[in-house]
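A.B. asks: So I've got this file, start_9.pdb, and it contains PDB, C-alpha atoms:
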```pdb
MODEL        1
ATOM      1  CA  MET A   1      44.499  28.843  52.343
ATOM      2  CA  LEU A   2      44.724  31.067  49.235
ATOM      3  CA  LEU A   3      44.067  34.208  51.295
ATOM      4  CA  LYS A   4      46.768  33.187  53.792
ATOM      5  CA  ALA A   5      49.282  32.634  50.970
ATOM      6  CA  LEU A   6      48.435  36.003  49.396
ATOM      7  CA  ILE A   7      48.847  37.837  52.696
ATOM      8  CA  THR A   8      52.178  36.119  53.398
ATOM      9  CA  SER A   9      53.622  36.835  49.962
ATOM     10  CA  THR A  10      52.394  40.439  50.048
ATOM     11  CA  VAL A  11      53.966  41.160  53.423
ATOM     12  CA  LEU A  12      57.280  39.470  52.554
ATOM     13  CA  THR A  13      57.514  41.295  49.234
ATOM     14  CA  ALA A  14      56.698  44.627  50.834
ATOM     15  CA  ILE A  15      59.188  44.268  53.681
ATOM     16  CA  ALA A  16      61.943  43.383  51.229
ATOM     17  CA  THR A  17      61.118  46.290  48.928
ATOM     18  CA  THR A  18      61.889  49.925  49.434
ATOM     19  CA  THR A  19      59.980  52.693  47.736
ATOM     20  CA  ALA A  20      60.609  56.275  46.822
ATOM     21  CA  ALA A  21      59.591  58.609  49.637
ATOM     22  CA  GLN A  22      56.300  60.360  49.017
ATOM     23  CA  ALA A  23      56.208  64.074  49.689
ATOM     24  CA  ALA A  24      53.344  65.804  51.438
ATOM     25  CA  GLY A  25      50.936  67.067  48.823
ATOM     26  CA  ASP A  26      51.654  64.344  46.238
ATOM     27  CA  ILE A  27      48.585  63.126  44.346
ATOM     28  CA  SER A  28      48.312  59.683  42.741
ATOM     29  CA  VAL A  29      45.661  58.440  40.338
ATOM     30  CA  GLY A  30      45.325  54.852  39.182
ATOM     31  CA  VAL A  31      43.301  52.019  37.742
ATOM     32  CA  GLY A  32      43.079  48.449  38.930
ATOM     33  CA  THR A  33      40.951  45.456  39.707
ATOM     34  CA  THR A  34      39.397  44.124  42.908
ATOM     35  CA  ASN A  35      37.031  41.316  43.860
ATOM     36  CA  PHE A  36      34.288  43.975  43.478
ATOM     37  CA  GLY A  37      35.239  44.733  39.864
ATOM     38  CA  PHE A  38      37.432  47.303  38.159
ATOM     39  CA  SER A  39      38.614  50.244  40.232
ATOM     40  CA  LEU A  40      39.527  53.887  39.877
ATOM     41  CA  GLU A  41      41.786  55.101  42.681
ATOM     42  CA  GLY A  42      43.067  58.401  43.966
ATOM     43  CA  GLU A  43      45.505  59.021  46.820
ATOM     44  CA  TYR A  44      46.662  62.159  48.570
ATOM     45  CA  THR A  45      49.876  62.100  50.620
ATOM     46  CA  ILE A  46      49.418  63.938  53.916
ATOM     47  CA  ALA A  47      52.935  63.139  55.196
ATOM     48  CA  PRO A  48      55.733  60.801  53.991
ATOM     49  CA  GLN A  49      54.222  57.871  55.947
ATOM     50  CA  ILE A  50      50.535  58.811  55.810
ATOM     51  CA  GLY A  51      48.082  58.996  52.922
ATOM     52  CA  VAL A  52      44.361  59.062  52.223
ATOM     53  CA  ARG A  53      43.012  56.896  49.412
ATOM     54  CA  GLY A  54      39.652  56.588  47.684
ATOM     55  CA  MET A  55      38.498  53.700  45.476
ATOM     56  CA  LEU A  56      35.481  53.518  43.171
ATOM     57  CA  MET A  57      34.762  49.879  42.219
ATOM     58  CA  GLY A  58      32.277  48.195  39.949
ATOM     59  CA  ALA A  59      31.663  45.527  37.334
ATOM     60  CA  PRO A  60      28.970  44.682  34.778
ATOM     61  CA  SER A  61      26.171  42.562  36.232
ATOM     62  CA  PHE A  62      26.214  38.848  35.451
ATOM     63  CA  GLU A  63      24.154  35.724  36.117
ATOM     64  CA  GLU A  64      25.507  32.883  38.239
ATOM     65  CA  GLU A  65      24.551  30.350  40.907
ATOM     66  CA  PHE A  66      26.021  31.149  44.314
ATOM     67  CA  GLU A  67      26.329  28.872  47.324
ATOM     68  CA  LEU A  68      25.135  30.815  50.361
ATOM     69  CA  GLU A  69      25.799  28.068  52.886
ATOM     70  CA  GLU A  70      25.805  24.269  52.977
ATOM     71  CA  ASN A  71      22.246  23.626  51.759
ATOM     72  CA  ALA A  72      21.311  27.018  50.308
ATOM     73  CA  THR A  73      21.946  28.480  46.856
ATOM     74  CA  LEU A  74      20.938  31.649  45.035
ATOM     75  CA  ASP A  75      20.576  31.473  41.250
ATOM     76  CA  GLY A  76      20.273  34.938  39.745
ATOM     77  CA  GLU A  77      21.890  38.237  38.843
ATOM     78  CA  ALA A  78      24.875  39.658  40.689
ATOM     79  CA  GLU A  79      25.974  43.272  40.844
ATOM     80  CA  PHE A  80      29.299  43.970  42.520
ATOM     81  CA  GLY A  81      30.567  47.434  43.394
ATOM     82  CA  GLY A  82      31.282  49.925  46.100
ATOM     83  CA  ILE A  83      33.251  52.920  47.277
ATOM     84  CA  ALA A  84      36.075  52.774  49.812
ATOM     85  CA  LEU A  85      37.799  55.594  51.679
ATOM     86  CA  VAL A  86      40.857  54.513  53.674
ATOM     87  CA  GLY A  87      43.832  55.949  55.461
ATOM     88  CA  ASP A  88      47.223  54.400  54.605
ATOM     89  CA  TYR A  89      50.105  54.161  57.068
ATOM     90  CA  TYR A  90      53.627  53.029  56.084
ATOM     91  CA  PRO A  91      55.081  52.068  59.495
ATOM     92  CA  LEU A  92      58.544  51.025  58.241
ATOM     93  CA  SER A  93      58.875  53.825  55.660
ATOM     94  CA  ASN A  94      59.082  51.233  52.890
ATOM     95  CA  ALA A  95      56.546  49.707  50.488
ATOM     96  CA  TRP A  96      54.487  47.931  53.161
ATOM     97  CA  ARG A  97      51.328  49.666  54.359
ATOM     98  CA  VAL A  98      48.413  49.034  56.690
ATOM     99  CA  SER A  99      45.092  50.664  55.900
ATOM    100  CA  GLY A 100      41.753  51.220  57.542
ATOM    101  CA  GLY A 101      38.584  53.045  56.650
ATOM    102  CA  LEU A 102      35.047  52.611  55.385
ATOM    103  CA  PHE A 103      33.473  50.608  52.569
ATOM    104  CA  VAL A 104      30.126  51.698  51.102
ATOM    105  CA  SER A 105      28.525  48.732  49.340
ATOM    106  CA  ASN A 106      26.698  48.735  46.027
ATOM    107  CA  THR A 107      26.715  44.921  45.910
ATOM    108  CA  GLU A 108      23.589  42.791  45.547
ATOM    109  CA  ILE A 109      22.739  39.292  44.360
ATOM    110  CA  SER A 110      19.071  38.717  43.556
ATOM    111  CA  GLY A 111      17.161  35.749  42.177
ATOM    112  CA  LEU A 112      15.801  32.363  43.210
ATOM    113  CA  ILE A 113      16.901  31.159  46.644
ATOM    114  CA  GLU A 114      16.641  27.415  47.277
ATOM    115  CA  ASP A 115      17.155  26.266  50.849
ATOM    116  CA  ASP A 116      16.346  22.712  52.017
ATOM    117  CA  GLY A 117      13.507  22.278  49.521
ATOM    118  CA  ILE A 118      12.055  25.774  49.979
ATOM    119  CA  SER A 119      12.231  28.091  46.933
ATOM    120  CA  TYR A 120      11.506  31.821  46.819
ATOM    121  CA  GLU A 121      12.602  35.062  45.165
ATOM    122  CA  GLY A 122      15.009  37.000  47.327
ATOM    123  CA  LYS A 123      18.281  38.856  47.501
ATOM    124  CA  VAL A 124      21.543  38.872  49.427
ATOM    125  CA  GLU A 125      23.555  41.997  50.221
ATOM    126  CA  PHE A 126      25.829  43.337  52.944
ATOM    127  CA  ALA A 127      24.130  43.523  56.329
ATOM    128  CA  ASN A 128      25.789  46.931  56.794
ATOM    129  CA  THR A 129      25.749  49.182  53.715
ATOM    130  CA  VAL A 130      28.568  51.211  55.325
ATOM    131  CA  ALA A 131      31.129  48.941  56.989
ATOM    132  CA  PRO A 132      34.655  49.197  58.439
ATOM    133  CA  MET A 133      37.459  47.939  56.206
ATOM    134  CA  ILE A 134      40.959  46.806  57.238
ATOM    135  CA  THR A 135      43.711  45.819  54.788
ATOM    136  CA  THR A 136      47.444  45.330  54.498
ATOM    137  CA  GLY A 137      49.450  45.605  51.324
ATOM    138  CA  PHE A 138      52.186  47.424  49.451
ATOM    139  CA  SER A 139      52.844  50.271  47.055
ATOM    140  CA  THR A 140      56.154  50.375  45.214
ATOM    141  CA  GLU A 141      57.517  52.498  42.374
ATOM    142  CA  PHE A 142      58.633  50.569  39.267
ATOM    143  CA  ALA A 143      59.370  53.558  36.991
ATOM    144  CA  GLN A 144      59.612  57.315  37.451
ATOM    145  CA  GLY A 145      56.206  58.357  38.790
ATOM    146  CA  TRP A 146      54.619  54.933  38.218
ATOM    147  CA  SER A 147      53.708  52.545  41.054
ATOM    148  CA  VAL A 148      52.128  49.133  41.470
ATOM    149  CA  SER A 149      50.143  48.337  44.599
ATOM    150  CA  GLY A 150      48.121  45.557  46.163
ATOM    151  CA  ASP A 151      45.918  45.031  49.194
ATOM    152  CA  VAL A 152      44.330  42.094  51.005
ATOM    153  CA  GLY A 153      42.015  42.364  53.963
ATOM    154  CA  VAL A 154      38.434  42.241  55.165
ATOM    155  CA  ILE A 155      35.241  44.247  55.183
ATOM    156  CA  ILE A 156      33.658  43.881  58.615
ATOM    157  CA  SER A 157      30.112  42.942  57.724
ATOM    158  CA  SER A 158      28.221  39.712  57.271
ATOM    159  CA  LEU A 159      25.861  39.066  54.366
ATOM    160  CA  GLU A 160      22.096  39.295  54.806
ATOM    161  CA  ALA A 161      19.245  37.642  52.887
ATOM    162  CA  SER A 162      15.795  39.136  52.411
ATOM    163  CA  SER A 163      12.577  38.435  50.500
ATOM    164  CA  ASP A 164       9.406  40.381  49.707
ATOM    165  CA  SER A 165       7.353  37.212  50.224
ATOM    166  CA  THR A 166       4.728  37.401  52.964
ATOM    167  CA  ASP A 167       4.667  33.619  53.352
ATOM    168  CA  PRO A 168       5.531  32.893  57.003
ATOM    169  CA  VAL A 169       7.402  29.731  55.941
ATOM    170  CA  VAL A 170       9.613  31.826  53.649
ATOM    171  CA  GLN A 171      10.235  34.467  56.302
ATOM    172  CA  ALA A 172      11.148  31.763  58.823
ATOM    173  CA  ASP A 173      13.633  30.350  56.320
ATOM    174  CA  VAL A 174      15.098  33.821  55.687
ATOM    175  CA  ASP A 175      15.596  34.288  59.428
ATOM    176  CA  GLU A 176      17.277  30.887  59.731
ATOM    177  CA  LEU A 177      19.493  31.586  56.714
ATOM    178  CA  ASN A 178      20.538  34.936  58.205
ATOM    179  CA  ASP A 179      21.480  33.224  61.471
ATOM    180  CA  ASP A 180      23.898  31.070  59.436
ATOM    181  CA  LEU A 181      25.235  34.018  57.399
ATOM    182  CA  GLU A 182      25.955  35.964  60.608
ATOM    183  CA  ASP A 183      28.436  33.233  61.584
ATOM    184  CA  VAL A 184      30.830  34.765  59.027
ATOM    185  CA  PRO A 185      31.188  38.388  60.221
ATOM    186  CA  VAL A 186      33.664  39.519  57.548
ATOM    187  CA  PHE A 187      33.932  39.562  53.749
ATOM    188  CA  PRO A 188      37.330  39.295  51.988
ATOM    189  CA  PHE A 189      38.836  42.146  49.980
ATOM    190  CA  ILE A 190      41.604  41.806  47.380
ATOM    191  CA  GLY A 191      42.822  44.529  45.019
ATOM    192  CA  PHE A 192      45.697  45.472  42.709
ATOM    193  CA  ALA A 193      46.335  48.775  40.924
ATOM    194  CA  ILE A 194      48.788  50.733  38.808
ATOM    195  CA  SER A 195      49.010  54.459  39.538
ATOM    196  CA  TYR A 196      50.843  57.597  38.513
ATOM    197  CA  THR A 197      52.035  60.238  40.988
ATOM    198  CA  TYR A 198      52.349  63.912  40.110
TER     199      TYR A 198
ENDMDL
END
```
Could you quickly redo this structure as structure tokens?

C.D. replies:
Amino acid sequence: MLLKALITSTVLTAIATTTAAQAAGDISVGVGTTNFGFSLEGEYTIAPQIGVRGMLMGAPSFEEEFELEENATLDGEAEFGGIALVGDYYPLSNAWRVSGGLFVSNTEISGLIEDDGISYEGKVEFANTVAPMITTGFSTEFAQGWSVSGDVGVIISSLEASSDSTDPVVQADVDELNDDLEDVPVFPFIGFAISYTY
């Protein structure tokens, strides 16, 4: 429900907002935050409606208990991060954009997995280290040279659990857990940034 509300508000805001036309050759640099941590961003404008953008994301590791699915949890250390390279297209020549590209994951959660009474050391990460990424969002100028932007979308990859344990019971549980994780083939992406164009 929250993701739906964010997408709706982003699209409505973008459609109602115009932005200064970008010229071919413009370069933007910015900082922001995403659900993968803080971000450094750079964008190059190929044409007034087309740009290429790179994002470097990361956050300090932290300890937490995560719910993997209905009866499975992972209690341990999480590291979130990644690199994204996307192409931006502004179809209405205003603030609204659609983007697509690739996400390279540096995200991993490792620790004690408990699943229906079975406990073992393991980790969860993206099934595909390099995965397609699709977002929609906006970029609008609020002062000379300065812009605020936001994106919501998905990374097309499920999560995958693994364990170094050679116990066949553990490996059977890992396989069963992965069958459940594969039922969700995408991972959400949300990001906001402030950038300067020169």

A.B. asks: Taking all atoms listed in the file into account, which of A:Ala95, A:Val86, A:Glu63, A:Ile46 comes nearest Ser139 (chain A)?

C.D. replies: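 For Ser139 (chain A), the nearest of the candidates is A:Ala95.
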
A.B. asks: Could you tell me which of A:Gly137, A:Gly25, A:Gly51, A:Gly81 comes closest to Gly37 (chain A) if we count all atoms listed in the file?

C.D. replies: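 Of the candidates, the smallest distance to Gly37 (chain A) is held by A:Gly81.
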
A.B. asks: Of the candidates A:Ala84, A:Ala72, A:Ala59, A:Ile194, which shows the shortest atom-to-atom distance to Gly145 (chain A), using all atoms listed in the file?

C.D. replies: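 So, comparing all the options, the nearest one is A:Ile194.
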
A.B. asks: Identify the residues around (27.9, 39.5, 54.9) within a radius of 6 Å, measuring from all atoms listed in the file in the coordinates stated by the file, and give them as a list in words.

C.D. replies: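 The residues that fall inside the cut-off are Phe126, Ala127, Ser157, Ser158, Leu159 and Glu160 of chain A.
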
A.B. asks: Provide the CA of Leu181 (chain A) to CA of Glu69 (chain A) distance in Å, to one decimal place.

C.D. replies: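 Interatomic distance, CA of Leu181 (chain A) to CA of Glu69 (chain A): 7.5 Å.
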